[in-house]
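Enquirer: Before anything else, here's the structure in question.
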Amino acid sequence: MTARLDHEVRALRTATTLAAGDHIACVRVRGSGATDAIDRVSPRPAFARAGKMTHTLVLDDDARPIADLYACCDEDDWFLLAEGMPAPALIEHVRARAAGLDVALDDLSPSHAMVTLNGPYAWELLGELTTPDVIGLPYLGFFHADGFTCFRGGKTGEYGYDLLVERDRLGALRDQILTVGRRFELAEISLAALEIAQLENLVWNPRRESAPDLTPIELQLQWRIRYDREYPGAAALHRRRRVAERRAVLLCADRELADGARVVADGRDIGGVLHAGRSPTRGDWLAIAIVERALAHAGLAGFEVGDAVARTLSAPSIDNRSLLVDPQRHAFATRDTDGFPPLVRP
Amino acid sequence: MTDLEIRSAARAAMLDRLRGLLVVHLQLGRDPDELDPDAPLFGSGLGLDSLDAVELVVCLESEFGVRIEDPVALRHSFRSLNKMIDLISATRGAP
C-alpha cells in the first residue's frame, strides 16, 4: 500500500497521472440570473468572462468553508465544480440564496463524469490527446474539446486538468488517455495520492481540513474572500477577524504525525494537528496544524507532536517541477537532460 | 520570552514589514493582515503578475539588500510571503 502510494505521488511529481474525479461535484447554472446567483454565494468576485474560472469557496453562515469551488463562466451559463460538498447540497445552497432570480441548477453527475490529469507533463499528454493549442490554455481557463470540457486548475502544484465527459463516452476517453499516456509514463492514481500532493503544497482539502470553528482566517484562505462583499458567512468573518487567535502552519517531522495530535511548545499546548500524512516526495511526515497565532510562523524548530519533534515549514514544502517546466522549451522526452533541480532542497 | 518566542517574533516582524511593502508597492487594495503568510502570491492567489514580480525584485534589493541572480531560486522564493522571508533570512542571517 505504501509502495503503491509512493509510486503514485512520484508519478504525479515527475511525469503524468490520471485519476477519477468522483470527488468533484459538477453543477450547471443556467438562466438570466445565473451570474447574480454566483455573485451572491461567492466570497470573492467571480470573473464573468467566458472561458474563465474563479477559485473560490462555499461558506456556511458561520463562515466555515464547506466546499472548495471553481466558478466557471461559460457564456451566459456557469459550471460549478465543488469538492467537499455533494451536488444536491450545493444546488440547495445556491438556490436558497437566489430568491427572485431566474436560475436553473442541474446536477451533471447522472449524465457526466470527471477525470483529472496531473503532473509536470500533463499539458503535453493533453496536447497529443486534443490539439497542441492546449499548451496555451492559461491557468484557470477552460475550453470545450471534441467530446469533453477541459478545465485547467490543479491543486497539487503541478499542471492540472479536469475533464468533464458524458458518461457514455468516459470509457473511450479513458482508453485514449491510457494509450497516449504510455509515452508519458502515465500512472493511474488514487484520491489518497492527490490528497498527499495537496498536503505537500498546503492546498486546502475540504475533506480533511475542515472543522466547525475554523474559518478562512485560521486556514490561510483569506485570498479567496473579500471583506467588502455580501455573501453567506460575511458577518461572521468580520466578527472573527477581530478576535482570531490561531492560524494554520505546516509542520514536518521524521517520525509519524497523526490527525488530532496535540502540538506542544515550551511545555505548553498551543494547538492541534488537523491533517497529517507521510510525504513520499520529502521522505518525512507533514501535518497542517492550527496553533496559537503568535507561534504560527514558518522556519521554527522545537515543537513536540506526540513522540515526534517537529518544525514549521514555508509552503509549499517542495519545489514543484511544473513551476520550471516551460511547454515552449521542455518536453517529457528530454526531462532527464533538462537539468531540473531536485524536488526537495537539501 | 523563550527562544522560540523570540524567533517567532522576529518572523512576525519580517512578515509585517513585507505585508506593508506589498500593499503599498503593489497597490493590492487589501489590508496587510489579509495577506496570509503561505497564500500563493501569483496565479489564483493574490493574483500578482510578471510586472509585480519585477517590482518585488526591486523591492527586495532596495529594502532588504537581497539580490537574486538565480531565476530558479527567484521562482521558488516568490511563491508565498513565507518563502520570501526564507530567502531574506538565508541571505541576511536569522530569523
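Naming works like this for the C-alpha cells: A, B, ... for the chains as they're shown, residue 1 at the start of each chain, ligands 1 onward in shown order.
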Define the interface residues of chain A facing chain B as those within 8 Å, counting only C-alpha atoms, and report them as number ranges by chain.
Expert: A: 54-55, 139-140, 220-224, 266, 294-302, 314-316, 319, 323-324
Enquirer: Those residues with C-alpha atoms, as an mmCIF file, in the first residue's frame please?
Expert:
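Output saved as part_36.cif:
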```cif
data_model
loop_
_atom_site.group_PDB
_atom_site.id
_atom_site.type_symbol
_atom_site.label_atom_id
_atom_site.label_comp_id
_atom_site.auth_asym_id
_atom_site.auth_seq_id
_atom_site.Cartn_x
_atom_site.Cartn_y
_atom_site.Cartn_z
ATOM 1 C CA THR A 54 -12.516 31.660 -10.343
ATOM 2 C CA HIS A 55 -11.109 29.667 -7.442
ATOM 3 C CA TYR A 139 -4.265 28.656 -15.628
ATOM 4 C CA LEU A 140 -7.907 28.948 -14.544
ATOM 5 C CA GLN A 220 -4.922 30.957 5.494
ATOM 6 C CA LEU A 221 -7.626 31.227 2.862
ATOM 7 C CA GLN A 222 -8.208 34.971 3.044
ATOM 8 C CA TRP A 223 -7.025 35.316 -0.558
ATOM 9 C CA ARG A 224 -10.272 33.633 -1.556
ATOM 10 C CA ASP A 266 7.940 25.228 25.532
ATOM 11 C CA ALA A 294 1.970 34.187 17.968
ATOM 12 C CA LEU A 295 3.801 30.959 17.172
ATOM 13 C CA ALA A 296 2.203 30.276 13.786
ATOM 14 C CA HIS A 297 5.277 31.096 11.723
ATOM 15 C CA ALA A 298 7.465 29.091 9.379
ATOM 16 C CA GLY A 299 11.113 28.303 9.944
ATOM 17 C CA LEU A 300 10.786 27.482 13.651
ATOM 18 C CA ALA A 301 12.038 24.337 15.376
ATOM 19 C CA GLY A 302 11.223 22.905 18.783
ATOM 20 C CA SER A 314 7.053 27.531 4.434
ATOM 21 C CA ALA A 315 4.543 26.374 1.869
ATOM 22 C CA PRO A 316 4.849 24.677 -0.468
ATOM 23 C CA ASP A 319 9.877 22.723 -5.301
ATOM 24 C CA LEU A 323 6.987 25.676 -11.915
ATOM 25 C CA LEU A 324 10.064 25.179 -14.084
#
```
Enquirer: Quick one: everything within 6 Å of range 35-48 of chain A, counting only C-alpha atoms, minus sequence neighbours fewer than 2 positions away in the same chain. Send it as an mmCIF file with N, CA and C atoms, in the first residue's frame.
Expert:
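Here's the written file result.cif:
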```cif
data_model
loop_
_atom_site.group_PDB
_atom_site.id
_atom_site.type_symbol
_atom_site.label_atom_id
_atom_site.label_comp_id
_atom_site.auth_asym_id
_atom_site.auth_seq_id
_atom_site.Cartn_x
_atom_site.Cartn_y
_atom_site.Cartn_z
ATOM 1 N N GLY A 33 -30.406 34.932 -14.436
ATOM 2 C CA GLY A 33 -29.905 35.324 -13.115
ATOM 3 C C GLY A 33 -28.714 34.507 -12.652
ATOM 4 N N THR A 54 -12.895 30.976 -11.571
ATOM 5 C CA THR A 54 -12.516 31.660 -10.343
ATOM 6 C C THR A 54 -12.412 30.624 -9.231
ATOM 7 N N CYS A 73 -17.260 30.505 -15.910
ATOM 8 C CA CYS A 73 -18.209 31.238 -16.748
ATOM 9 C C CYS A 73 -18.188 30.686 -18.179
ATOM 10 N N ALA A 98 -30.887 32.492 -4.055
ATOM 11 C CA ALA A 98 -31.163 33.020 -5.399
ATOM 12 C C ALA A 98 -32.614 33.470 -5.542
ATOM 13 N N ARG A 224 -9.074 34.043 -0.824
ATOM 14 C CA ARG A 224 -10.272 33.633 -1.556
ATOM 15 C C ARG A 224 -11.526 34.359 -1.068
ATOM 16 N N ILE A 225 -11.341 35.373 -0.245
ATOM 17 C CA ILE A 225 -12.507 36.125 0.226
ATOM 18 C C ILE A 225 -12.229 37.612 0.093
ATOM 19 N N ARG A 226 -13.286 38.380 0.125
ATOM 20 C CA ARG A 226 -13.162 39.829 0.244
ATOM 21 C C ARG A 226 -14.035 40.236 1.423
ATOM 22 N N TYR A 231 -22.068 37.932 1.349
ATOM 23 C CA TYR A 231 -22.167 36.512 0.992
ATOM 24 C C TYR A 231 -22.413 35.733 2.277
#
```
Enquirer: Please list as number ranges by chain every residue within 9 Å of Arg208 in chain A, counting only C-alpha atoms and excluding residues in the same chain fewer than 6 positions away.
Expert: A: 195, 274-275
Enquirer: Please run DSSP on the backbone and report, as a VMD selection string, all residues within range 42-282 of chain A that come out as strand (DSSP E).
Expert: chain A and resid 52 to 59 65 to 74 77 to 83 104 to 107 112 to 118 141 to 145 148 to 152 160 to 166 187 to 188 246 to 253 262 to 265 268 to 279
Enquirer: To one decimal in Å, tell me the separation between CA of Leu173 in chain A and CA of Pro120 in chain A.
Expert: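 We find that CA of Leu173 in chain A and CA of Pro120 in chain A lie 20.7 Å from each other.
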Enquirer: Write out as an mmCIF file with N, CA and C atoms, in the first residue's frame which residues come within 7 Å of Met85 in chain A when counting only C-alpha atoms, dropping same-chain ones fewer than 4 positions away.
Expert:
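Generated output (result.cif):
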```cif
data_model
loop_
_atom_site.group_PDB
_atom_site.id
_atom_site.type_symbol
_atom_site.label_atom_id
_atom_site.label_comp_id
_atom_site.auth_asym_id
_atom_site.auth_seq_id
_atom_site.Cartn_x
_atom_site.Cartn_y
_atom_site.Cartn_z
ATOM 1 N N ILE A 66 -17.156 25.109 3.558
ATOM 2 C CA ILE A 66 -17.744 23.779 3.425
ATOM 3 C C ILE A 66 -17.476 23.170 2.059
ATOM 4 N N ALA A 67 -16.934 23.951 1.158
ATOM 5 C CA ALA A 67 -16.538 23.393 -0.143
ATOM 6 C C ALA A 67 -15.500 24.288 -0.801
ATOM 7 N N ALA A 89 -26.468 19.264 -2.339
ATOM 8 C CA ALA A 89 -26.284 20.258 -1.274
ATOM 9 C C ALA A 89 -25.832 21.597 -1.851
ATOM 10 N N LEU A 90 -24.974 21.532 -2.857
ATOM 11 C CA LEU A 90 -24.517 22.777 -3.498
ATOM 12 C C LEU A 90 -25.696 23.474 -4.188
#
```
Enquirer: Extract, using only C-alpha atoms, all DNA, RNA and protein residues at most 10 Å from Glu200 in chain A, discarding same-chain residues fewer than 2 positions from it, and format them as a PyMOL selection string.
Expert: chain A and resi 156-157+194-198+202-203+250+277-282+285-288+315-320
Enquirer: For N, CA and C atoms, I'd like the residues from the last selection saved as a CSV table (one decimal), in the first residue's frame.
Expert:
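Writing the result to part23.csv gives the following:
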```csv
chain,number,residue,atom,x,y,z
A,156,THR,N,-2.4,20.5,-6.9
A,156,THR,CA,-1.2,19.7,-6.4
A,156,THR,C,0.1,20.5,-6.6
A,157,GLY,N,0.0,21.7,-7.2
A,157,GLY,CA,1.2,22.4,-7.5
A,157,GLY,C,1.8,22.0,-8.9
A,194,LEU,N,-3.7,12.1,-4.5
A,194,LEU,CA,-4.0,13.6,-4.8
A,194,LEU,C,-3.9,14.3,-3.5
A,195,GLU,N,-4.5,13.7,-2.4
A,195,GLU,CA,-4.6,14.4,-1.1
A,195,GLU,C,-3.2,14.6,-0.5
A,196,ILE,N,-2.3,13.6,-0.7
A,196,ILE,CA,-0.9,13.8,-0.1
A,196,ILE,C,-0.2,14.9,-0.9
A,197,ALA,N,-0.5,15.0,-2.2
A,197,ALA,CA,0.1,16.1,-3.0
A,197,ALA,C,-0.4,17.4,-2.6
A,198,GLN,N,-1.7,17.5,-2.2
A,198,GLN,CA,-2.2,18.7,-1.7
A,198,GLN,C,-1.6,19.1,-0.4
A,202,LEU,N,0.3,22.5,0.7
A,202,LEU,CA,-0.6,23.2,1.6
A,202,LEU,C,-1.8,23.8,0.8
A,203,VAL,N,-2.4,23.0,0.0
A,203,VAL,CA,-3.6,23.4,-0.7
A,203,VAL,C,-4.8,22.9,0.1
A,250,LEU,N,2.4,24.7,8.6
A,250,LEU,CA,2.8,23.4,8.0
A,250,LEU,C,3.9,22.9,8.9
A,277,GLY,N,0.1,13.4,7.2
A,277,GLY,CA,0.4,12.3,6.3
A,277,GLY,C,1.9,12.2,6.0
A,278,ARG,N,2.3,11.0,5.4
A,278,ARG,CA,3.7,10.9,5.1
A,278,ARG,C,3.9,11.4,3.7
A,279,SER,N,5.0,12.2,3.5
A,279,SER,CA,5.3,12.7,2.2
A,279,SER,C,6.2,11.8,1.4
A,280,PRO,N,5.8,11.2,0.4
A,280,PRO,CA,6.8,10.3,-0.4
A,280,PRO,C,7.8,11.2,-1.1
A,281,THR,N,7.5,12.4,-1.4
A,281,THR,CA,8.4,13.3,-2.1
A,281,THR,C,9.5,13.7,-1.2
A,282,ARG,N,9.2,14.1,0.1
A,282,ARG,CA,10.2,14.6,1.0
A,282,ARG,C,10.8,13.5,1.8
A,285,TRP,N,7.3,13.2,7.5
A,285,TRP,CA,5.9,13.4,7.8
A,285,TRP,C,5.5,14.9,7.7
A,286,LEU,N,4.4,15.2,7.2
A,286,LEU,CA,3.9,16.5,7.1
A,286,LEU,C,2.5,16.6,7.9
A,287,ALA,N,2.2,17.8,8.4
A,287,ALA,CA,0.9,18.0,9.0
A,287,ALA,C,0.5,19.5,8.9
A,288,ILE,N,-0.7,19.7,8.8
A,288,ILE,CA,-1.3,21.0,8.9
A,288,ILE,C,-1.8,21.1,10.3
A,315,ALA,N,5.2,27.1,2.9
A,315,ALA,CA,4.5,26.4,1.9
A,315,ALA,C,4.9,27.0,0.5
A,316,PRO,N,5.0,26.1,-0.5
A,316,PRO,CA,4.8,24.7,-0.5
A,316,PRO,C,6.1,24.0,0.1
A,317,SER,N,6.0,22.8,0.5
A,317,SER,CA,7.1,22.1,1.2
A,317,SER,C,8.1,21.5,0.2
A,318,ILE,N,7.7,21.5,-1.1
A,318,ILE,CA,8.6,21.0,-2.2
A,318,ILE,C,8.7,22.0,-3.3
A,319,ASP,N,9.7,21.8,-4.1
A,319,ASP,CA,9.9,22.7,-5.3
A,319,ASP,C,9.3,22.0,-6.5
A,320,ASN,N,8.0,22.4,-6.8
A,320,ASN,CA,7.3,21.7,-7.9
A,320,ASN,C,8.0,21.8,-9.2
```
Enquirer: Suppose you want the space between CA of Glu61 in chain B and CA of Leu28 in chain B; what is it in Å?
Expert: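 If I compute the distance from CA of Glu61 in chain B to CA of Leu28 in chain B, I get 20.2 Å.
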